[in-house]
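Novice: Got final_12.cif for you, mmCIF, C-alpha atoms:
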```cif
data_run
#
loop_
_atom_site.label_atom_id
_atom_site.label_comp_id
_atom_site.auth_asym_id
_atom_site.auth_seq_id
_atom_site.Cartn_x
_atom_site.Cartn_y
_atom_site.Cartn_z
CA MET A 62 -7.27 9.61 -1.00
CA LYS A 63 -11.01 9.64 -0.58
CA ILE A 64 -11.91 6.98 1.97
CA LEU A 65 -15.22 5.69 3.30
CA VAL A 66 -15.16 4.41 6.89
CA THR A 67 -18.21 2.38 7.91
CA GLY A 68 -18.91 1.84 11.59
CA ALA A 69 -17.53 5.33 12.14
CA ALA A 70 -19.18 5.74 15.55
CA GLY A 71 -17.55 2.52 16.73
CA PHE A 72 -14.50 2.07 18.93
CA ILE A 73 -12.01 1.45 16.10
CA GLY A 74 -13.90 3.34 13.41
CA SER A 75 -14.04 6.68 15.21
CA LYS A 76 -10.34 6.63 16.06
CA LEU A 77 -9.43 5.56 12.52
CA MET A 78 -11.58 8.29 10.99
CA SER A 79 -9.87 10.92 13.14
CA GLU A 80 -6.33 9.71 12.35
CA LEU A 81 -6.99 9.54 8.60
CA ALA A 82 -8.46 13.05 8.65
CA LYS A 83 -5.43 14.33 10.58
CA ARG A 84 -3.07 13.17 7.86
CA GLY A 85 -5.10 14.86 5.13
CA ASP A 86 -7.26 12.17 3.52
CA GLU A 87 -10.80 13.06 2.49
CA ILE A 88 -12.98 11.02 4.83
CA ILE A 89 -16.66 10.18 4.94
CA GLY A 90 -17.88 8.14 7.90
CA ILE A 91 -21.18 6.33 8.13
CA ASP A 92 -22.85 4.48 11.00
CA SER A 93 -26.38 3.30 11.82
CA ILE A 94 -25.82 4.17 15.52
CA ASN A 95 -27.82 1.16 16.71
CA ASP A 96 -28.55 0.58 20.38
CA TYR A 97 -26.60 -2.66 20.89
CA TYR A 98 -24.88 -0.70 23.66
CA ASP A 99 -25.38 2.76 25.18
CA VAL A 100 -25.48 5.26 22.31
CA ARG A 101 -24.02 8.00 24.51
CA LEU A 102 -20.66 6.37 23.95
CA LYS A 103 -21.14 6.41 20.18
CA TYR A 104 -22.19 10.05 20.13
CA GLY A 105 -19.30 10.89 22.45
CA ARG A 106 -16.82 9.34 20.03
CA LEU A 107 -18.34 11.28 17.15
CA ALA A 108 -18.14 14.48 19.19
CA LYS A 109 -14.39 13.84 19.56
CA CYS A 110 -14.27 13.83 15.76
CA GLY A 111 -16.17 17.11 15.52
CA PHE A 112 -19.77 15.95 15.02
CA SER A 113 -22.45 17.09 17.45
CA ARG A 114 -25.10 14.65 18.57
CA ASN A 115 -27.80 16.81 17.05
CA ASP A 116 -26.14 16.62 13.62
CA ALA A 117 -25.18 12.95 13.89
CA GLU A 118 -28.73 11.90 14.79
CA GLN A 119 -30.12 13.16 11.49
CA GLU A 120 -30.51 10.37 8.94
CA ASP A 121 -29.36 11.01 5.36
CA SER A 122 -27.98 14.44 6.27
CA MET A 123 -24.24 14.78 5.74
CA THR A 124 -22.44 17.07 8.14
CA VAL A 125 -18.89 18.44 8.13
CA SER A 126 -16.64 18.02 11.17
CA THR A 127 -15.97 21.16 13.19
CA ILE A 128 -12.41 19.88 13.76
CA TYR A 129 -11.45 18.52 10.33
CA ASP A 130 -12.88 20.23 7.27
CA ASN A 131 -11.88 17.16 5.22
CA CYS A 132 -14.09 14.84 7.28
CA LYS A 133 -17.84 14.29 6.97
CA PHE A 134 -20.42 12.02 8.62
CA VAL A 135 -23.85 10.73 7.66
CA ARG A 136 -26.09 8.36 9.59
CA LEU A 137 -26.65 5.45 7.24
CA ASN A 138 -27.06 1.69 7.58
CA ILE A 139 -25.06 -0.58 5.26
CA THR A 140 -28.11 -2.84 5.01
CA ASP A 141 -29.89 -0.07 3.07
CA LYS A 142 -28.60 -0.95 -0.39
CA ALA A 143 -30.34 1.87 -2.27
CA LYS A 144 -28.96 4.63 -0.06
CA LEU A 145 -25.53 3.02 0.06
CA ASP A 146 -25.37 2.85 -3.73
CA LEU A 147 -26.36 6.51 -4.00
CA LEU A 148 -23.53 7.45 -1.65
CA PHE A 149 -20.97 5.43 -3.63
CA GLU A 150 -22.21 6.82 -6.94
CA LYS A 151 -21.96 10.41 -5.71
CA GLU A 152 -18.72 10.29 -3.72
CA LYS A 153 -16.54 7.98 -5.89
CA PHE A 154 -14.38 6.55 -3.11
CA ASP A 155 -10.83 5.40 -3.73
CA LYS A 156 -10.84 3.04 -0.77
CA VAL A 157 -13.36 1.66 1.70
CA VAL A 158 -12.80 0.44 5.26
CA ASN A 159 -15.74 -1.66 6.41
CA LEU A 160 -15.88 -1.83 10.19
CA ALA A 161 -19.69 -1.83 10.42
CA ALA A 162 -20.99 -5.07 11.88
CA GLN A 163 -23.14 -6.50 14.60
CA ALA A 164 -20.54 -7.19 17.25
CA GLY A 165 -20.40 -9.51 20.26
CA VAL A 166 -19.97 -13.26 20.56
CA ARG A 167 -22.47 -13.93 23.34
CA TYR A 168 -25.13 -11.64 21.86
CA SER A 169 -25.12 -13.76 18.68
CA ILE A 170 -26.52 -16.69 20.68
CA THR A 171 -29.70 -14.83 21.59
CA ASN A 172 -30.03 -12.52 18.56
CA PRO A 173 -28.80 -14.51 15.54
CA TYR A 174 -30.76 -12.67 12.84
CA ALA A 175 -29.09 -9.35 13.68
CA TYR A 176 -25.79 -10.90 12.61
CA LEU A 177 -27.07 -12.26 9.32
CA GLU A 178 -28.56 -8.90 8.38
CA SER A 179 -25.57 -6.71 9.20
CA ASN A 180 -22.58 -9.02 8.79
CA LEU A 181 -23.73 -10.87 5.68
CA VAL A 182 -26.35 -8.81 3.83
CA GLY A 183 -24.71 -5.52 4.79
CA PHE A 184 -21.28 -6.80 3.78
CA LEU A 185 -22.62 -8.03 0.44
CA ASN A 186 -24.00 -4.53 -0.17
CA ILE A 187 -20.51 -3.12 0.48
CA LEU A 188 -18.90 -5.62 -1.90
CA GLU A 189 -21.42 -4.85 -4.64
CA ALA A 190 -21.01 -1.10 -4.22
CA CYS A 191 -17.21 -1.43 -4.34
CA ARG A 192 -17.24 -3.41 -7.58
CA ASN A 193 -19.90 -1.28 -9.25
CA TYR A 194 -18.41 2.11 -8.39
CA GLY A 195 -14.71 1.66 -9.04
CA VAL A 196 -13.31 1.27 -5.51
CA LYS A 197 -9.63 0.33 -5.69
CA HIS A 198 -9.28 -1.42 -2.33
CA LEU A 199 -11.66 -2.72 0.34
CA VAL A 200 -10.30 -3.26 3.85
CA PHE A 201 -12.72 -5.14 6.10
CA ALA A 202 -12.92 -6.26 9.71
CA SER A 203 -12.75 -9.96 10.36
CA SER A 204 -12.08 -11.36 13.83
CA SER A 205 -9.80 -13.64 15.84
CA SER A 206 -12.96 -15.60 16.63
CA VAL A 207 -12.72 -17.32 13.23
CA TYR A 208 -10.01 -19.57 14.70
CA GLY A 209 -12.69 -21.28 16.77
CA LEU A 210 -11.64 -24.68 18.05
CA ASN A 211 -8.06 -24.43 16.80
CA GLU A 212 -5.80 -25.64 19.57
CA GLU A 213 -2.41 -24.71 18.16
CA VAL A 214 -1.28 -21.23 19.17
CA PRO A 215 -0.27 -18.65 18.24
CA TYR A 216 -2.90 -18.48 15.52
CA LYS A 217 -1.54 -18.09 11.99
CA GLU A 218 -3.37 -16.85 8.92
CA THR A 219 -2.66 -20.20 7.26
CA ASP A 220 -4.46 -22.17 10.00
CA ASN A 221 -7.71 -23.96 9.24
CA VAL A 222 -10.71 -21.84 10.27
CA ASP A 223 -13.54 -24.28 9.61
CA SER A 224 -14.60 -24.81 13.23
CA PRO A 225 -16.30 -21.63 14.56
CA VAL A 226 -17.87 -21.78 18.01
CA SER A 227 -20.31 -18.87 17.55
CA LEU A 228 -22.55 -17.49 14.85
CA TYR A 229 -20.60 -14.23 15.05
CA ALA A 230 -17.42 -16.11 14.12
CA ALA A 231 -19.25 -17.91 11.32
CA THR A 232 -20.38 -14.61 9.79
CA LYS A 233 -16.83 -13.23 9.93
CA LYS A 234 -15.48 -16.33 8.19
CA SER A 235 -18.26 -15.93 5.62
CA ASP A 236 -17.15 -12.33 5.00
CA GLU A 237 -13.65 -13.57 4.23
CA LEU A 238 -15.00 -16.10 1.73
CA MET A 239 -17.27 -13.55 0.08
CA ALA A 240 -14.41 -11.05 -0.24
CA HIS A 241 -12.15 -13.68 -1.80
CA ALA A 242 -14.85 -14.53 -4.34
CA TYR A 243 -15.21 -10.87 -5.34
CA SER A 244 -11.46 -10.48 -5.61
CA LYS A 245 -11.31 -13.50 -7.91
CA LEU A 246 -14.39 -12.69 -9.97
CA TYR A 247 -14.01 -8.94 -10.36
CA GLY A 248 -10.39 -8.12 -9.52
CA LEU A 249 -11.48 -6.09 -6.48
CA ALA A 250 -8.52 -5.84 -4.10
CA THR A 251 -9.62 -6.83 -0.60
CA THR A 252 -7.82 -7.16 2.72
CA GLY A 253 -9.32 -8.75 5.82
CA LEU A 254 -8.10 -7.93 9.33
CA ARG A 255 -8.51 -10.52 12.04
CA PHE A 256 -8.68 -8.21 15.06
CA PHE A 257 -7.65 -9.58 18.43
CA THR A 258 -8.98 -8.18 21.72
CA VAL A 259 -8.81 -4.37 21.45
CA TYR A 260 -8.91 -2.07 24.47
CA GLY A 261 -8.34 1.57 25.36
CA PRO A 262 -10.17 4.88 25.87
CA TRP A 263 -13.69 4.91 24.43
CA GLY A 264 -13.79 1.09 24.31
CA ARG A 265 -17.01 -0.87 24.08
CA PRO A 266 -18.90 -1.23 27.38
CA ASP A 267 -19.72 -4.90 26.68
CA MET A 268 -16.04 -5.87 26.50
CA SER A 269 -14.11 -7.19 29.50
CA PRO A 270 -11.85 -4.12 30.12
CA THR A 271 -14.81 -1.79 30.64
CA LEU A 272 -16.90 -4.41 32.43
CA PHE A 273 -14.05 -5.03 34.85
CA ALA A 274 -13.27 -1.34 35.38
CA SER A 275 -16.92 -0.49 36.01
CA ALA A 276 -17.45 -3.30 38.50
CA ILE A 277 -14.20 -2.75 40.40
CA ALA A 278 -14.71 1.02 40.57
CA ASN A 279 -18.19 0.50 42.01
CA ASP A 280 -17.27 -2.31 44.43
CA LYS A 281 -19.31 -4.85 42.51
CA PRO A 282 -18.18 -8.41 41.71
CA ILE A 283 -16.62 -9.12 38.33
CA LYS A 284 -17.44 -12.24 36.33
CA VAL A 285 -14.28 -14.27 35.78
CA PHE A 286 -15.03 -16.99 33.26
CA ASN A 287 -13.32 -20.38 33.14
CA ASN A 288 -12.27 -19.62 36.72
CA GLY A 289 -9.77 -17.09 35.40
CA ASP A 290 -7.88 -19.62 33.30
CA MET A 291 -8.00 -17.73 30.01
CA ILE A 292 -5.43 -16.03 27.81
CA ARG A 293 -6.04 -13.09 25.50
CA ASP A 294 -4.01 -11.02 23.06
CA PHE A 295 -4.97 -7.58 24.37
CA THR A 296 -4.02 -4.84 21.90
CA PHE A 297 -4.16 -1.10 22.55
CA ILE A 298 -6.39 0.94 20.24
CA ASP A 299 -3.57 3.20 18.97
CA ASP A 300 -1.59 0.17 17.77
CA ILE A 301 -4.65 -1.30 16.07
CA VAL A 302 -5.38 1.93 14.19
CA GLU A 303 -1.74 2.43 13.19
CA GLY A 304 -1.66 -1.09 11.76
CA THR A 305 -4.98 -0.59 9.98
CA ILE A 306 -3.67 2.53 8.27
CA ARG A 307 -0.65 0.57 7.04
CA VAL A 308 -3.06 -1.92 5.48
CA ILE A 309 -5.16 0.83 3.88
CA ASP A 310 -2.02 2.17 2.22
CA HIS A 311 -1.01 -1.24 0.87
CA THR A 312 -3.30 -2.48 -1.90
CA PRO A 313 -2.78 -6.21 -2.55
CA ASP A 314 -0.95 -6.93 -5.80
CA ALA A 315 -2.52 -9.91 -7.57
CA ALA A 316 0.87 -10.96 -8.94
CA LYS A 317 2.14 -11.39 -5.38
CA CYS A 318 -0.94 -13.14 -3.98
CA ASP A 319 -1.99 -16.79 -4.04
CA HIS A 320 -3.57 -17.85 -7.34
CA ASN A 321 -3.15 -14.27 -8.61
CA VAL A 322 -6.16 -13.15 -6.57
CA PRO A 323 -5.71 -9.64 -5.04
CA TYR A 324 -6.76 -10.77 -1.58
CA ARG A 325 -4.90 -10.77 1.74
CA ILE A 326 -5.67 -11.70 5.35
CA TYR A 327 -3.72 -10.36 8.32
CA ASN A 328 -3.80 -11.04 12.03
CA ILE A 329 -3.64 -7.74 13.88
CA GLY A 330 -2.87 -8.06 17.57
CA CYS A 331 -0.10 -7.59 20.08
CA SER A 332 1.53 -11.06 19.92
CA GLN A 333 2.15 -10.90 23.67
CA PRO A 334 -0.55 -13.09 25.25
CA VAL A 335 -1.73 -12.05 28.70
CA ARG A 336 -3.37 -14.19 31.36
CA LEU A 337 -6.79 -12.89 32.31
CA MET A 338 -5.83 -12.63 35.98
CA ASP A 339 -2.81 -10.49 35.11
CA PHE A 340 -5.03 -8.20 33.06
CA ILE A 341 -7.43 -7.85 35.98
CA ASN A 342 -4.50 -7.12 38.29
CA GLU A 343 -3.36 -4.22 36.07
CA ILE A 344 -6.85 -2.70 36.26
CA GLU A 345 -6.91 -3.17 40.02
CA GLN A 346 -3.58 -1.38 40.37
CA ALA A 347 -4.64 1.49 38.09
CA LEU A 348 -7.86 2.00 40.07
CA GLY A 349 -6.22 1.38 43.43
CA LYS A 350 -8.91 -1.14 44.37
CA THR A 351 -9.17 -4.92 44.68
CA ALA A 352 -11.81 -6.72 42.64
CA VAL A 353 -14.48 -8.93 44.14
CA LYS A 354 -14.25 -11.94 41.86
CA ASN A 355 -17.12 -14.26 40.92
CA TYR A 356 -15.52 -17.32 39.30
CA LEU A 357 -17.65 -18.96 36.61
CA PRO A 358 -17.27 -21.78 34.06
CA MET A 359 -16.46 -21.17 30.40
CA GLN A 360 -19.30 -19.52 28.50
CA LYS A 361 -20.77 -20.83 25.26
CA GLY A 362 -19.00 -19.30 22.27
CA ASP A 363 -15.82 -18.49 24.21
CA VAL A 364 -12.40 -20.06 23.71
CA TYR A 365 -9.58 -20.60 26.19
CA GLN A 366 -6.83 -18.74 24.37
CA THR A 367 -6.50 -16.20 21.57
CA ASN A 368 -2.97 -15.35 20.58
CA ALA A 369 -1.97 -13.74 17.31
CA ASP A 370 1.02 -14.57 15.18
CA THR A 371 1.52 -11.18 13.50
CA THR A 372 4.64 -12.16 11.56
CA ARG A 373 2.95 -11.60 8.21
CA LEU A 374 1.82 -8.05 9.05
CA GLU A 375 5.21 -7.26 10.56
CA SER A 376 7.29 -8.57 7.67
CA GLU A 377 5.11 -7.24 4.85
CA LEU A 378 3.98 -3.89 6.25
CA GLY A 379 6.33 -3.11 9.16
CA TYR A 380 3.69 -3.37 11.87
CA HIS A 381 5.09 -3.29 15.42
CA PRO A 382 2.77 -2.60 18.39
CA GLN A 383 4.35 -0.04 20.73
CA THR A 384 2.06 0.06 23.78
CA SER A 385 2.77 -2.16 26.79
CA LEU A 386 -0.14 -3.61 28.74
CA HIS A 387 0.77 -1.48 31.77
CA ASP A 388 0.86 1.77 29.80
CA GLY A 389 -2.27 0.90 27.87
CA ILE A 390 -4.27 0.14 31.02
CA GLN A 391 -3.04 3.36 32.61
CA GLU A 392 -4.33 5.34 29.61
CA PHE A 393 -7.61 3.43 29.59
CA ILE A 394 -8.30 3.97 33.31
CA LYS A 395 -7.27 7.63 33.08
CA TRP A 396 -10.03 8.08 30.50
CA TYR A 397 -12.50 5.83 32.32
CA VAL A 398 -12.47 7.88 35.54
CA SER A 399 -12.48 11.23 33.71
CA GLU A 400 -15.39 13.53 32.93
CA GLU A 401 -14.88 12.62 29.27
CA ASN A 402 -16.40 9.17 29.83
CA PRO A 403 -20.18 9.56 29.33
CA LEU A 404 -20.91 6.26 31.10
CA ARG A 405 -18.81 6.86 34.21
#
```
Do you think you could lay out the structure here as structure tokens?
Specialist:
Amino acid sequence: MKILVTGAAGFIGSKLMSELAKRGDEIIGIDSINDYYDVRLKYGRLAKCGFSRNDAEQEDSMTVSTIYDNCKFVRLNITDKAKLDLLFEKEKFDKVVNLAAQAGVRYSITNPYAYLESNLVGFLNILEACRNYGVKHLVFASSSSVYGLNEEVPYKETDNVDSPVSLYAATKKSDELMAHAYSKLYGLATTGLRFFTVYGPWGRPDMSPTLFASAIANDKPIKVFNNGDMIRDFTFIDDIVEGTIRVIDHTPDAAKCDHNVPYRIYNIGCSQPVRLMDFINEIEQALGKTAVKNYLPMQKGDVYQTNADTTRLESELGYHPQTSLHDGIQEFIKWYVSEENPLR
């Protein structure tokens, strides 16, 4: 298959691009490489996929991986409709995986327009390109944040998601609605993935695993929100990518979907909720240091508990996360303290 991966310099996107290339698919990755967080991490991920920083920095210049000859990268922003359309017209993708987005819940409070531009306008450009250039299946990143104020856990795909607590969550819910409309109107098969907290080597520096590891390693206090009384569905990156590939390979059949619309939503997480303090303890043990904890109240846009019910993904596509929290943290810290980590 010929597959486009957007957000290819991202945490999930870079790993997904590499795994798809390994199995023989023809892959093209795109990313705007914005500076929401330290770009050294983004270029480091691309280097792991065989793209030098010098090549990746060049806009509109497609380069071939030095590791996988069936994998290419071009720096391109999904908000640039004209350039995106040219790419779709030329490459004729079979499938598209849209992971490009402005990420971060708290950042959406201070920089709302960045989310509208990337997560709504950019996503609309992807939808339009898919329908106009014969794409068979669009897989796109949603988020566990769409569950908002829901109090019943674990979260199920059938739960009401009309009460977001951040603009980021609202844009992800909007993406789901837009995709459903295109599936209904144009028969474009779409699948949304509600990702739960993802961690592992090369993870985002603004996420709690890296923030905790950095602070503990450098004897600085960590911020523990809601006084540590929080629960998260931490999922190791390898399990997330394996599940995503299962979804890529399974195009929704309209005859088996609600109202004969080729559209599906899946939770993708670990289904083994972990208390925040237990997560911190695993990092402490892996680093061999005790954290200095600064207990704080709940932050705006955060929720007490995120816990995925992944029954649908398990029963329909055979998804079963394999990595325990202990093993995952060991792998993450091994990378974090290594020379491979550009931010160490």
Novice: For Gln391 of chain A, which residue out of A:Ile329, A:Leu254, A:Met338, A:Ala274 is the nearest one, using all atoms listed in the file?
Specialist: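 Closest to Gln391 of chain A of all the choices is A:Ala274.
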Novice: I need the residue nearest Asp155 of chain A from this list: A:Ser332, A:Thr372, A:Asn221, A:Thr312. Use all atoms listed in the file for the distance.
Specialist: A:Thr312
Novice: Would you write out, as a ChimeraX atom specification, every residue that the PyMOL selection byres ((chain A and resi 73-77) around 9) captures in this file?
Specialist: /A:66-72,78-82,90,103,106-107,109-110,158-161,259,264,298-299,301-303,305-306
Novice: Generate the output file for the selected residues, C-alpha atoms, as a compact mmCIF listing (two decimals), keeping the file's coordinate frame.
Specialist:
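Below you can see again38.txt, which holds the result:
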```
# COMPACT_ATOMS: atom_id res chain seq x y z
CA VAL A 66 -15.16 4.41 6.89
CA THR A 67 -18.21 2.38 7.91
CA GLY A 68 -18.91 1.84 11.59
CA ALA A 69 -17.53 5.33 12.14
CA ALA A 70 -19.18 5.74 15.55
CA GLY A 71 -17.55 2.52 16.73
CA PHE A 72 -14.50 2.07 18.93
CA MET A 78 -11.58 8.29 10.99
CA SER A 79 -9.87 10.92 13.14
CA GLU A 80 -6.33 9.71 12.35
CA LEU A 81 -6.99 9.54 8.60
CA ALA A 82 -8.46 13.05 8.65
CA GLY A 90 -17.88 8.14 7.90
CA LYS A 103 -21.14 6.41 20.18
CA ARG A 106 -16.82 9.34 20.03
CA LEU A 107 -18.34 11.28 17.15
CA LYS A 109 -14.39 13.84 19.56
CA CYS A 110 -14.27 13.83 15.76
CA VAL A 158 -12.80 0.44 5.26
CA ASN A 159 -15.74 -1.66 6.41
CA LEU A 160 -15.88 -1.83 10.19
CA ALA A 161 -19.69 -1.83 10.42
CA VAL A 259 -8.81 -4.37 21.45
CA GLY A 264 -13.79 1.09 24.31
CA ILE A 298 -6.39 0.94 20.24
CA ASP A 299 -3.57 3.20 18.97
CA ILE A 301 -4.65 -1.30 16.07
CA VAL A 302 -5.38 1.93 14.19
CA GLU A 303 -1.74 2.43 13.19
CA THR A 305 -4.98 -0.59 9.98
CA ILE A 306 -3.67 2.53 8.27
```
Novice: Please return, as a PyMOL selection string, all polymer residues that have at least one atom within 10 Å of the point (-25.1, -1.2, 0.7); use only C-alpha atoms and the file's own coordinate frame.
Specialist: chain A and resi 137-149+182-191
Novice: With all atoms listed in the file as the atoms that count, which of A:Leu374, A:Met239, A:Val353, A:Leu272 lies nearest to Leu404 of chain A?
Specialist: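 Distance minimum relative to Leu404 of chain A lands on A:Leu272.
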Novice: Just how far from atom CA of Asn180 of chain A is atom CA of Phe393 of chain A, in Å to one decimal?
Specialist: 28.5 Å
Novice: Between A:Pro266, A:Gly209, A:Pro215, A:Pro323, single out the one closest to Ile292 of chain A, counting all atoms listed in the file.
Specialist: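 Nearest to Ile292 of chain A: A:Pro215.
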Novice: Which residue is closest to Leu65 of chain A? Choose from A:Ala108, A:Ile309, A:Ile341, A:Val398 and count only C-alpha atoms.
Specialist: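 Nearest to Leu65 of chain A: A:Ile309.
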Novice: What is the atom CA of Ala175 of chain A-atom CA of Asp96 of chain A distance in Å, reported with one decimal?
Specialist: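 Separating atom CA of Ala175 of chain A from atom CA of Asp96 of chain A is a distance of 12.0 Å.
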Novice: Name the residues captured by the PyMOL selection byres ((chain A and resi 367) around 6) when it is applied to the shown file; answer as an MDAnalysis selection string.
Specialist: chainID A and resid 293:294 366 368
Novice: Each side padded by 6 Å, which centre and which edge lengths in Å (one decimal) define the axis-aligned box around the listed atoms of segment 108-126 of chain A? Give them as lines of an AutoDock Vina configuration file.
Specialist:
```
center_x = -22.4
center_y = 14.4
center_z = 12.5
size_x = 28.2
size_y = 20.1
size_z = 26.2
```
Novice: Run the PyMOL selection byres ((chain A and resi 279-287) around 10) against the file shown and list the residues it catches, as an NGL selection string.
Specialist: :A and (269 or 272-278 or 288-291 or 337-338 or 341 or 350-360 or 363-365)
Novice: Take the residues from that selection and write them out as a JSON list (two decimals), in the frame of the given file, keeping C-alpha atoms.
Specialist:
```
[["chain", "number", "residue", "atom", "x", "y", "z"],
["A", 269, "SER", "CA", -14.11, -7.19, 29.50],
["A", 272, "LEU", "CA", -16.90, -4.41, 32.43],
["A", 273, "PHE", "CA", -14.05, -5.03, 34.85],
["A", 274, "ALA", "CA", -13.27, -1.34, 35.38],
["A", 275, "SER", "CA", -16.92, -0.49, 36.01],
["A", 276, "ALA", "CA", -17.45, -3.30, 38.50],
["A", 277, "ILE", "CA", -14.20, -2.75, 40.40],
["A", 278, "ALA", "CA", -14.71, 1.02, 40.57],
["A", 288, "ASN", "CA", -12.27, -19.62, 36.72],
["A", 289, "GLY", "CA", -9.77, -17.09, 35.40],
["A", 290, "ASP", "CA", -7.88, -19.62, 33.30],
["A", 291, "MET", "CA", -8.00, -17.73, 30.01],
["A", 337, "LEU", "CA", -6.79, -12.89, 32.31],
["A", 338, "MET", "CA", -5.83, -12.63, 35.98],
["A", 341, "ILE", "CA", -7.43, -7.85, 35.98],
["A", 350, "LYS", "CA", -8.91, -1.14, 44.37],
["A", 351, "THR", "CA", -9.17, -4.92, 44.68],
["A", 352, "ALA", "CA", -11.81, -6.72, 42.64],
["A", 353, "VAL", "CA", -14.48, -8.93, 44.14],
["A", 354, "LYS", "CA", -14.25, -11.94, 41.86],
["A", 355, "ASN", "CA", -17.12, -14.26, 40.92],
["A", 356, "TYR", "CA", -15.52, -17.32, 39.30],
["A", 357, "LEU", "CA", -17.65, -18.96, 36.61],
["A", 358, "PRO", "CA", -17.27, -21.78, 34.06],
["A", 359, "MET", "CA", -16.46, -21.17, 30.40],
["A", 360, "GLN", "CA", -19.30, -19.52, 28.50],
["A", 363, "ASP", "CA", -15.82, -18.49, 24.21],
["A", 364, "VAL", "CA", -12.40, -20.06, 23.71],
["A", 365, "TYR", "CA", -9.58, -20.60, 26.19]]
```
Novice: Which neighbours of Leu378 of chain A fall inside 9 Å, counting all atoms listed in the file, when residues of the same chain fewer than 4 positions from it are skipped, and could you give them as a short mmCIF file (atom, residue, chain, number, x, y, z; two decimals) with C-alpha atoms, in the frame of the given file?
Specialist:
```
data_model
loop_
_atom_site.label_atom_id
_atom_site.label_comp_id
_atom_site.auth_asym_id
_atom_site.auth_seq_id
_atom_site.Cartn_x
_atom_site.Cartn_y
_atom_site.Cartn_z
CA GLY A 304 -1.66 -1.09 11.76
CA ARG A 307 -0.65 0.57 7.04
CA VAL A 308 -3.06 -1.92 5.48
CA HIS A 311 -1.01 -1.24 0.87
CA ARG A 373 2.95 -11.60 8.21
CA LEU A 374 1.82 -8.05 9.05
#
```
Novice: One decimal, Å: what's the distance from atom CA of Val166 of chain A over to atom CA of Ser206 of chain A, could you say?
Specialist: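 Taking atom CA of Val166 of chain A as the start and atom CA of Ser206 of chain A as the end point, the length is 8.4 Å.
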Novice: Considering all atoms listed in the file, can you say which of A:Ala202, A:Val207, A:Glu237, A:Thr296 comes closest to Ser224 of chain A?
Specialist: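 Distance minimum relative to Ser224 of chain A lands on A:Val207.
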